[in-house]
Amino acid sequence: MFRFIVKRMGQLFLVLFAVSIIVFVFTSVMGNPVYLMVRENATEAEIQAVTQYLGLDKPLPVQYGIFVKNSLSGDFGKSYMYHLPALGLIVERFPATLEIVSVALLLSAFIGIPLGVISGAYPKNPFSKGVMAFSIAGISMPSFWIGMVLIFFFGIFLGVLPVSGRGETAEFLGISTSLATSDGWKHILLPAVTLALGNIATIIRLTRSGMQENMRQDYVKFARAKGVPRRKVLFGHALKNTLIPVVTIFGLQMGSLIAFTTITETIFAWPGMGKLLIDAINSADRPIIAAYILFVAVMFVFINFVVDIMYVFIDPRIDLQ
Amino acid sequence: MKRAALAILTAFIVIQAAACHAAGPRDIVIGLAGDAYSLDPYPLNETITNALNYHIFDRLVEPDKNLQPLPGLAKSWEISDDSRTWIFHLRKGVKFHNGNDFTVDDVIFSFDRSKRSGKSAFTYCLSTVENYEKLDDHTLRVVCKDPNALLLAHLKDLAIMDEETCKGKEDDWIALHPNGTGRYMLEEHLRGDRLVLVRNENYWGEKPAPEKVTFKPITNEGTRTANMLSGAADLVVDIPVRDVKILERNKRISVLSEPSLRVIYLNLAGWTDKPSVDAKMPLRSPDGSNPFKHRKVREAIYRAIDEDEIVDKVMNGFAEPAATYIPEGFNGYNGDIRRLSYDPKMAEKLLDEAGYPRQKDGYRFEVTLDASNDRYINDGAIAGAIAGYLEKVGIKVNLNLMSRTVFFSYISSSNKTGDNTHLCMTGWADSGGESALMALDLVYSIRQDGPVKEGYGGVNRGYYLNPEADRLIDLAMSTSDPEERAKIMRDVWAMAAEDVSYIPLHFQKDIYACNDRIVYHPRKDKYVYAWDVEFKD
């Protein structure tokens with residue numbers, strides 16, 4: 001176990017090193033933030049002053065050296081637009097993103113897995129066929145469109161849910177969260193459903209194919225012959241054996257949801273990390289982009305690590321070495 | 001277990017729902033296209049950030065509807081005969097939100113703080129000032145380097161901060177603890193979600209009608225419309241053109257449009273022999289000359305463009321054709337200048353006369369039109385339309401569209417042998433209210449190797465050269481009588497129009513929507529202030 005962790009840490013550093021170089025090169029060719037910071041009729045001297053202040057007058061390798069040195073001490077620089085530490089801005093937005101992502105993941109687990117089990121066990125049933133049709137629609141519809149349709153239907157046509165924003169927040173265990181107020185829940189529903197739809201569909205399809213395969217196995221037949229109730233066979237035996245790929249995908253989805261909720265957050269004006277990233281890209285705010293991507297890289301490595309450990313709990317035969 | 005959890009959750013929701021409170025009758029919600037980046041008013045100079053900060057902070061002078069200076073924290077002022085020395089008499093008895101007294105020391109502290117280069121985007125406010133000093137607790141003397149009758153136009157951008165609050169504090173701390181003398185006080189700022197302001201009941205001037213204002217940053221256009229339709233916002237700024245019809249169908253909502261200060265125009269490098277030497281696709285003419293040097297060519301390009309069609313088809317009617325770059329109401333606006341008529345036949349004739357007949361391939365010469373595609377409303381489409389019009393009269397156009405993050409550094413490249421662009425489309429919005437300040441940036445002569453006068457001609461991208469205009473602009477800058485100044489500037493604009501120094505296209509229109517609770521009076525500079533809102537009941 002210890003060796004496994006050390007190995008993973010080594011991998012983490014390699015990934016971060018590679019990502020940091022890519023991020024740095026890409027953001028430096030992305031455009032010059034100085035002209036977006038100064039007023040349009042700035043004089044040469046004003047432009048010079050800002051360039052110097054940002055350290056953009058130095059050659060690229062030197063800039064990279066400074067960047068690495070600072071980031072090792074946790075300083076990713078100050079945002080060009082906000083004039084606040086970039087990492088702080090991201091961390092400040094993290095809870096909001098985590099909220100919609102966790103609600104979306106809960107939705108996909110509690111809707112996706114049971115539906116997948118049923119449609120895998122009874123593939124000929126009309127209900128199962130309906131579920132499969134839904135899942136195709138869920139996978140193929142773009143989230144920005146679903147988001148707009150949901151806003152129109154629930155927010156404007158029925159007028160029962162708010163169209164955007166985070167709503168009221170309250171302190172829960174020291175964290176300010178929308179999940180602690182009913183107003184917050186109202187605000188979170190639509191973006192979370194928008195995020196979850198695609199995932200629900202993926203989970204259904206994955207669980208279904210695993211179930212179909214397992215239902216044909218001898219141990220299922222034996223269990224049935226032995227007189228184990230149908231429900232226990234489905235959820236106790238067969239599901240357990242289909243869970244490994246589902247957990248893997250779940251972990252990956254959690255990562256990509258956190259990292260790429262940009263579209264959903266923009267549509268619902270949800271003040272999460274994704275919206276921060278889009279705004280930063282629009283204003284060539286290099287420190288935020290760099291800190292964001294490194295943050296996401298660390299998060300992915302961490303999630304994969306947790307997923308690996310979960311394998312052992314689901315199937316003790318798996319050896320982490 | 002599950003049931004217990006569900007019961008707890010339900011109970012929780014019910015309790016919370018009871019705690020929910022309705023908005024008060026004098027509260028409003030305003031949907032903006034963005035958030036204030038910082039509540040420190042200095043590091044960034046951007047419309048939304050500035051407008052929000054001016055709710056909290058006052059300035060020495062404030063702009064009126066036509067952007068002419070009105071007394072703010074300065075009750076009155078005097079200017080010396082040589083237009084170099086200004087005396088400001090500050091308002092007495094004014095208090096900051098935390099109760100601190102406002103004195104001349106706060107002004108001097110703010111002036112000093114605004115001059116820190118790199119950390120302040122307002123260094124220009126005092127760039128013409130040589131020194132300033134305290135005469136007594138409520139009197140300030142400012143001495144300019146050169147005669148400057150237009151100091152107020154710059155000072156009206158500068159927010160005044162409290163010395164006692166800020167002194168010795170980190171910038172990060174200051175940004176989170178804004179303490180001004182303004183009409184509103186900060187209640188809550190949840191970055192990216194909402195900024196809540198409450199009325200300052202101790203405000204020195206007329207108190208605004210809304211008691212509590214919530215600004216919601218909504219970057220997505222469709223979502224802004226949805227907020228208006230669902231009633232979540234009372235006023236929404238930057239309505240997308242395509243949603244205007246949907247909103248107008250709703251009886252409770254009215255849509256307002258106001259010509260903005262932003263003029264869209266073409267710059268042509270017509271006063272240099274070596275335009276855009278470094279460009280990827282340089283200017284090519286049969287004899288190697290710069291066709292833009294001929295006034296006839298510039299007029300031909302002007303006449304080749306059907307601006308009415310651009311306004312109608314590309315801008316969906318939400319723009320106003322521009323004859324000059326000066327918005328009406330600015331001091332020095334010349335209403336006699338008219339647009340040159342759209343006349344492609346005459347354009348072809350002018351091009352022939354100027355010595356650029358059609359060659360064998362049907363083209364007269366080849367240019368590159370540089371434009372942004374995400375900076376101004378429909379900018380990419382406008383540039384495309386212009387390329388089409390110019391092709392019709394025999395000018396080959398390479399269309400070079402860029403994102404704004406690249407565009408401005410590309411066209412501003414200050415290479416001594418020549419810039420990257422010889423024909424580009426840009427926009428300009430000056431909120432100074434003084435056309436002399438616009439002339440100082442747009443018209444004052446500049447050479448490819450640098451300015452004729454430091455700080456002048458900053459966006460004269462065509463290297464327009466007119467010593468007579470320069471002389472008049474200098475004269476206007478030192479003329480303290482506004483009427484006199486206006487007369488001088490009207491001549492300058494007539495001259496620039498006669499020379500076809502630029503090709504003006506149109507003024508963008510800003511589109512707002514508000515519901516039937518309120519009446520909103522939009523401003524030309526698109527600054528959204530809660531005190532421009534009136535309640536109907």
# chains A, B, ... in the order shown; residues from 1 in each chain; ligands from 1
call {"tool": "select_by_dssp", "arguments": {"residues": "segment 151-188 of chain B", "states": "strand (DSSP E or B)", "output": "list in words"}}
result
Ala159, Tyr184, Met185, Leu186, Glu187 and Glu188 of chain B
call {"tool": "closest_atom_pairs", "arguments": {"of": "chain B", "to": "chain A", "cutoff": "7 Å", "atoms": "only C-alpha atoms", "output": "JSON lines"}}
result
{"residue": "B:Ile13", "atom": "CA", "partner": "A:Ser182", "partner_atom": "CA", "distance": 5.0}
{"residue": "B:Gln16", "atom": "CA", "partner": "A:Thr181", "partner_atom": "CA", "distance": 5.5}
{"residue": "B:Ala17", "atom": "CA", "partner": "A:Ser182", "partner_atom": "CA", "distance": 5.7}
{"residue": "B:Tyr37", "atom": "CA", "partner": "A:Tyr82", "partner_atom": "CA", "distance": 4.9}
{"residue": "B:Ser38", "atom": "CA", "partner": "A:Tyr82", "partner_atom": "CA", "distance": 5.6}
{"residue": "B:Leu44", "atom": "CA", "partner": "A:Met37", "partner_atom": "CA", "distance": 6.8}
{"residue": "B:Asn45", "atom": "CA", "partner": "A:Arg39", "partner_atom": "CA", "distance": 6.8}
{"residue": "B:Ser117", "atom": "CA", "partner": "A:Ala49", "partner_atom": "CA", "distance": 6.0}
{"residue": "B:Gly118", "atom": "CA", "partner": "A:Val50", "partner_atom": "CA", "distance": 4.6}
{"residue": "B:Ala121", "atom": "CA", "partner": "A:Val38", "partner_atom": "CA", "distance": 6.3}
{"residue": "B:Asp172", "atom": "CA", "partner": "A:Leu84", "partner_atom": "CA", "distance": 6.4}
{"residue": "B:Gly192", "atom": "CA", "partner": "A:Pro271", "partner_atom": "CA", "distance": 4.8}
{"residue": "B:Asp193", "atom": "CA", "partner": "A:Pro271", "partner_atom": "CA", "distance": 5.4}
{"residue": "B:Ile218", "atom": "CA", "partner": "A:Ala269", "partner_atom": "CA", "distance": 5.4}
{"residue": "B:Thr219", "atom": "CA", "partner": "A:Thr266", "partner_atom": "CA", "distance": 6.7}
{"residue": "B:Asn220", "atom": "CA", "partner": "A:Ile267", "partner_atom": "CA", "distance": 5.7}
{"residue": "B:Thr223", "atom": "CA", "partner": "A:Ile267", "partner_atom": "CA", "distance": 6.1}
{"residue": "B:Ala226", "atom": "CA", "partner": "A:Val163", "partner_atom": "CA", "distance": 6.6}
{"residue": "B:Asn227", "atom": "CA", "partner": "A:Val163", "partner_atom": "CA", "distance": 6.2}
{"residue": "B:Leu229", "atom": "CA", "partner": "A:Ile156", "partner_atom": "CA", "distance": 6.5}
{"residue": "B:Ser230", "atom": "CA", "partner": "A:Ile156", "partner_atom": "CA", "distance": 5.0}
{"residue": "B:Thr405", "atom": "CA", "partner": "A:Gly31", "partner_atom": "CA", "distance": 4.7}
{"residue": "B:Val406", "atom": "CA", "partner": "A:Gly31", "partner_atom": "CA", "distance": 4.6}
{"residue": "B:Phe408", "atom": "CA", "partner": "A:Tyr35", "partner_atom": "CA", "distance": 6.2}
{"residue": "B:Ser409", "atom": "CA", "partner": "A:Tyr35", "partner_atom": "CA", "distance": 6.2}
{"residue": "B:Asp441", "atom": "CA", "partner": "A:Asn41", "partner_atom": "CA", "distance": 6.6}
{"residue": "B:Gly455", "atom": "CA", "partner": "A:Thr43", "partner_atom": "CA", "distance": 5.6}
{"residue": "B:Gly458", "atom": "CA", "partner": "A:Asn41", "partner_atom": "CA", "distance": 5.4}
{"residue": "B:Val459", "atom": "CA", "partner": "A:Asn41", "partner_atom": "CA", "distance": 5.9}
call {"tool": "residues_around", "arguments": {"residues": "segment 60-62 of chain A", "least_positions_apart": "5", "cutoff": "10 Å", "atoms": "only C-alpha atoms", "output": "ChimeraX atom specification"}}
result
/A:24-25,28,55,67-68
call {"tool": "residues_around", "arguments": {"residues": "Ile30 of chain B", "least_positions_apart": "5", "cutoff": "7 Å", "atoms": "only C-alpha atoms", "output": "ChimeraX atom specification"}}
result
/B:214-216,233-236
call {"tool": "atom_distance", "arguments": {"atom1": "atom CA of Leu197 of chain A", "atom2": "atom CA of Ile136 of chain A"}}
result
10.6 Å
call {"tool": "closest_residue", "arguments": {"among": "B:Pro467, B:Pro321, B:Gly24, B:Pro71", "to": "Glu307 of chain B", "atoms": "only C-alpha atoms"}}
result
B:Pro321
